[in-house]
Amino acid sequence: MSTAVSTYPDVLPQQFGSDNYAGVCPEAWAAMDEANRGFAPAYGDDIWTERASNAFRELFETDCDVFFVFNGTAANSLALASLCQSYHSVICADASHVETDECGAPEFFSNGSKLLVAQSIDGKMTPAGIHELATKRQDIHYPKPRVVTITQSTEMGTVYSLDELGAISEASKRHGLSLHMDGARFANACARLGASPAAMTWKNGVDVLCFGGTKNGLAVGEAVLFFDHKLAADFDYRCKQAGQLASKMRFLSAPWVGMLESGAWLRNARHANRCAAYFAGQIAGVPGVRIASSVDANAVFILSTDRILNNLRDRGWRFYTFIGGAARFMFAWDSDLSRVDELVRDLRACAA
């Protein structure tokens, strides 16, 4: 008699290399399970998509247009393409995801709109940087600036204050530029500031937001919110052409229902932020280890020696080094503080 052999892999110890490592949070999973019962119309003509869209409108206190796509690259690239013609340009920070990590997708989907890169401070765009690029050249031989894009929270884990957002918005509008927000970790920024989503976006001059779900507890999916109906014209066609129109749309939208209606989107972000702050506090003063930027959200960047970082990798820890060589540790909705303590102990041992 043959004996069945399990092919399921062992559960791996939790890592903090990325908040994409985390699984699906219970609220999103339960909503998807409920949406999986019976049948529903395709391509977004279902109750789940309507319910999720209305939940966003309630959360943001305005009648915004809501679209659901599979990932952040598509969300950002299609949103920027909707704001630009091919002869336009987009002002972005040098550390921005659209500049460094989207494989030219913003340029591709906009049919060639050029990215104009501004020097950032801890990942943040400045009004002076916007002004410099908006006025650098204004002749017909140069792509005309049309949009400013910022990331909240930034790629360095920092968060724009409401006053900083207001200054960015004022600088953008002074030059006739639309303002797009890459909100891959928008929830973490809201948790940090204690500000309403409305105050962080349309009330502060943001025209389009890409609200990240994947890093906040969803399996897959981002929401693109237009706060000006005119800017959303034909965006559904862009989604279709780009392969972002889900035939079984309810499985993209239903998890948002679970997240938004239960408040899990904010609870998840608060927990992730707390874990990042805890880790940063525990490693403060470790010899040879320095925190590279302000820990505002769920990311901690540390600067250390190759010896310490290689020893940490040898102990089985996964992390990435980029943006000036800093090692990045990301915390998620399911980060376990006891596992964070293990990371702290190993880091201290490697630094000894």
# chains A, B, ... in the order shown; residues from 1 in each chain; ligands from 1
call {"tool": "select_by_dssp", "arguments": {"residues": "range 3-42 of chain A", "states": "helix (DSSP H, G or I)", "output": "PyMOL selection string"}}
result
chain A and resi 19-21+26-35
call {"tool": "residues_around", "arguments": {"residues": "Tyr320 in chain A", "least_positions_apart": "5", "cutoff": "8 Å", "atoms": "only C-alpha atoms", "output": "PDB file with C-alpha atoms, in the first residue's frame"}}
result
ATOM      1  CA  GLY A  17      11.683  42.217   3.721  1.00  0.00           C
ATOM      2  CA  ALA A 327      18.583  48.023   4.431  1.00  0.00           C
ATOM      3  CA  ARG A 328      14.790  48.196   4.401  1.00  0.00           C
ATOM      4  CA  PHE A 329      12.537  46.405   6.868  1.00  0.00           C
TER       5      PHE A 329
END
call {"tool": "closest_residue", "arguments": {"among": "A:Phe70, A:Phe301, A:Tyr278, A:Tyr87", "to": "Gly325 in chain A", "atoms": "only C-alpha atoms"}}
result
A:Phe301
call {"tool": "atom_distance", "arguments": {"atom1": "CA of Val159 in chain A", "atom2": "CA of Leu312 in chain A"}}
result
28.2 Å
call {"tool": "residues_around", "arguments": {"residues": "Ala42 in chain A", "least_positions_apart": "3", "cutoff": "6 Å", "atoms": "only C-alpha atoms", "output": "list in words"}}
result
Asp45, Ser247 and Lys248 of chain A
call {"tool": "write_last_selection", "arguments": {"atoms": "all heavy atoms", "output": "PDB file, in the first residue's frame"}}
result
ATOM      1  N   ASP A  45     -20.450  44.902 -13.035  1.00  0.00           N
ATOM      2  CA  ASP A  45     -21.892  45.178 -12.942  1.00  0.00           C
ATOM      3  C   ASP A  45     -22.508  44.301 -11.854  1.00  0.00           C
ATOM      4  O   ASP A  45     -23.483  43.592 -12.080  1.00  0.00           O
ATOM      5  CB  ASP A  45     -22.551  44.928 -14.296  1.00  0.00           C
ATOM      6  CG  ASP A  45     -23.995  45.421 -14.341  1.00  0.00           C
ATOM      7  OD1 ASP A  45     -24.336  46.318 -13.534  1.00  0.00           O
ATOM      8  OD2 ASP A  45     -24.770  44.912 -15.185  1.00  0.00           O
ATOM      9  N   SER A 247     -12.845  40.451 -15.465  1.00  0.00           N
ATOM     10  CA  SER A 247     -14.151  39.910 -15.837  1.00  0.00           C
ATOM     11  C   SER A 247     -14.943  39.535 -14.585  1.00  0.00           C
ATOM     12  O   SER A 247     -16.131  39.820 -14.490  1.00  0.00           O
ATOM     13  CB  SER A 247     -13.982  38.703 -16.765  1.00  0.00           C
ATOM     14  OG  SER A 247     -13.151  37.721 -16.162  1.00  0.00           O
ATOM     15  N   LYS A 248     -14.261  38.920 -13.605  1.00  0.00           N
ATOM     16  CA  LYS A 248     -14.901  38.617 -12.323  1.00  0.00           C
ATOM     17  C   LYS A 248     -14.532  39.721 -11.324  1.00  0.00           C
ATOM     18  O   LYS A 248     -13.853  39.492 -10.324  1.00  0.00           O
ATOM     19  CB  LYS A 248     -14.458  37.243 -11.820  1.00  0.00           C
ATOM     20  CG  LYS A 248     -14.902  36.096 -12.730  1.00  0.00           C
ATOM     21  CD  LYS A 248     -14.518  34.741 -12.150  1.00  0.00           C
ATOM     22  CE  LYS A 248     -14.990  33.620 -13.065  1.00  0.00           C
ATOM     23  NZ  LYS A 248     -14.647  32.274 -12.535  1.00  0.00           N
TER      24      LYS A 248
END
call {"tool": "residues_around", "arguments": {"residues": "Val208 in chain A", "least_positions_apart": "3", "cutoff": "10 Å", "atoms": "only C-alpha atoms", "output": "PyMOL selection string"}}
result
chain A and resi 64-65+76+79-80+82-83+149+178-183+201-202+205+211+224-228+231-232
call {"tool": "closest_atom_pairs", "arguments": {"of": "range 113-210 of chain A", "to": "range 251-271 of chain A", "cutoff": "10 Å", "atoms": "only C-alpha atoms", "output": "JSON lines"}}
result
{"residue": "A:Arg185", "atom": "CA", "partner": "A:Ala269", "partner_atom": "CA", "distance": 8.3}
{"residue": "A:Phe186", "atom": "CA", "partner": "A:Ala269", "partner_atom": "CA", "distance": 8.9}
{"residue": "A:Ala187", "atom": "CA", "partner": "A:Ala269", "partner_atom": "CA", "distance": 5.7}
{"residue": "A:Asn188", "atom": "CA", "partner": "A:Ala269", "partner_atom": "CA", "distance": 4.7}
{"residue": "A:Ala189", "atom": "CA", "partner": "A:Ala269", "partner_atom": "CA", "distance": 8.3}
{"residue": "A:Cys190", "atom": "CA", "partner": "A:Leu266", "partner_atom": "CA", "distance": 7.6}
{"residue": "A:Ala191", "atom": "CA", "partner": "A:Arg270", "partner_atom": "CA", "distance": 5.5}
{"residue": "A:Arg192", "atom": "CA", "partner": "A:Arg270", "partner_atom": "CA", "distance": 7.5}
{"residue": "A:Gly194", "atom": "CA", "partner": "A:Leu266", "partner_atom": "CA", "distance": 9.9}
call {"tool": "closest_residue", "arguments": {"among": "A:Leu193, A:Ile91, A:Val344, A:Cys275", "to": "His175 in chain A", "atoms": "only C-alpha atoms"}}
result
A:Ile91
call {"tool": "residues_around", "arguments": {"residues": "range 169-172 of chain A", "least_positions_apart": "6", "cutoff": "9 Å", "atoms": "only C-alpha atoms", "output": "ChimeraX atom specification"}}
result
/A:126-128,130-131,134,147-148,178-179,204-206
call {"tool": "closest_atom_pairs", "arguments": {"of": "range 187-299 of chain A", "to": "range 71-75 of chain A", "cutoff": "10 Å", "atoms": "only C-alpha atoms", "output": "CSV"}}
result
residue,atom,partner,partner_atom,distance
A:Leu209,CA,A:Ala75,CA,9.0
A:Cys210,CA,A:Ala75,CA,6.0
A:Phe211,CA,A:Gly72,CA,8.6
A:Gly212,CA,A:Gly72,CA,7.0
A:Gly213,CA,A:Asn71,CA,8.8
A:Thr214,CA,A:Asn71,CA,7.8
A:Val220,CA,A:Asn71,CA,6.8
A:Gly221,CA,A:Asn71,CA,5.3
A:Glu222,CA,A:Asn71,CA,5.7
A:Ala223,CA,A:Ala75,CA,7.3
A:Val224,CA,A:Ala75,CA,6.2
A:Leu225,CA,A:Ala75,CA,9.7
A:Cys239,CA,A:Ala74,CA,8.4
A:Ala242,CA,A:Ala74,CA,8.0
A:Gly243,CA,A:Ala74,CA,9.2
A:Gln244,CA,A:Ala74,CA,7.5
call {"tool": "closest_residue", "arguments": {"among": "A:Gln119, A:Asn111, A:Asn273, A:Thr49", "to": "Ala332 in chain A", "atoms": "only C-alpha atoms"}}
result
A:Asn273
call {"tool": "atom_distance", "arguments": {"atom1": "CA of Tyr21 in chain A", "atom2": "CA of Gly217 in chain A"}}
result
10.3 Å
call {"tool": "atom_distance", "arguments": {"atom1": "CA of Val286 in chain A", "atom2": "CA of Asn310 in chain A"}}
result
16.2 Å
call {"tool": "select_by_dssp", "arguments": {"residues": "range 6-237 of chain A", "states": "strand (DSSP E or B)", "output": "ChimeraX atom specification"}}
result
/A:65-69,88-93,114-118,121,124,144-151,178-183,208-212,222-226
call {"tool": "write_last_selection", "arguments": {"atoms": "C-alpha atoms", "output": "CSV table (one decimal), in the first residue's frame"}}
result
chain,number,residue,atom,x,y,z
A,65,ASP,CA,-15.2,58.0,-9.4
A,66,VAL,CA,-13.8,54.7,-8.4
A,67,PHE,CA,-12.0,52.1,-10.5
A,68,PHE,CA,-10.4,48.8,-9.5
A,69,VAL,CA,-7.2,47.4,-11.0
A,88,HIS,CA,3.4,66.4,-21.7
A,89,SER,CA,5.7,65.7,-18.7
A,90,VAL,CA,5.2,64.5,-15.2
A,91,ILE,CA,7.2,66.0,-12.3
A,92,CYS,CA,8.2,63.3,-9.8
A,93,ALA,CA,10.7,62.7,-6.9
A,114,LYS,CA,8.4,62.3,-20.0
A,115,LEU,CA,9.2,62.0,-16.3
A,116,LEU,CA,11.0,65.1,-14.9
A,117,VAL,CA,12.9,64.1,-11.8
A,118,ALA,CA,13.2,66.4,-8.8
A,121,ILE,CA,14.5,65.2,0.8
A,124,LYS,CA,9.7,64.0,-0.2
A,144,LYS,CA,5.2,70.7,-21.3
A,145,PRO,CA,4.8,70.0,-17.5
A,146,ARG,CA,1.3,68.8,-16.8
A,147,VAL,CA,1.2,66.7,-13.6
A,148,VAL,CA,3.0,66.5,-10.3
A,149,THR,CA,3.0,63.0,-8.6
A,150,ILE,CA,3.9,62.4,-5.0
A,151,THR,CA,3.9,59.3,-2.8
A,178,SER,CA,-2.7,68.4,-11.8
A,179,LEU,CA,-1.7,66.5,-8.6
A,180,HIS,CA,-1.6,62.7,-8.4
A,181,MET,CA,-0.9,60.8,-5.3
A,182,ASP,CA,0.6,57.3,-5.3
A,183,GLY,CA,-1.0,55.9,-2.2
A,208,VAL,CA,-6.3,61.6,-8.3
A,209,LEU,CA,-5.4,59.0,-5.7
A,210,CYS,CA,-4.2,55.4,-6.2
A,211,PHE,CA,-5.2,53.7,-2.9
A,212,GLY,CA,-3.1,50.7,-2.2
A,222,GLU,CA,-5.7,48.8,-6.0
A,223,ALA,CA,-8.3,51.4,-6.2
A,224,VAL,CA,-8.0,54.5,-8.4
A,225,LEU,CA,-10.1,57.5,-7.2
A,226,PHE,CA,-10.8,60.6,-9.3
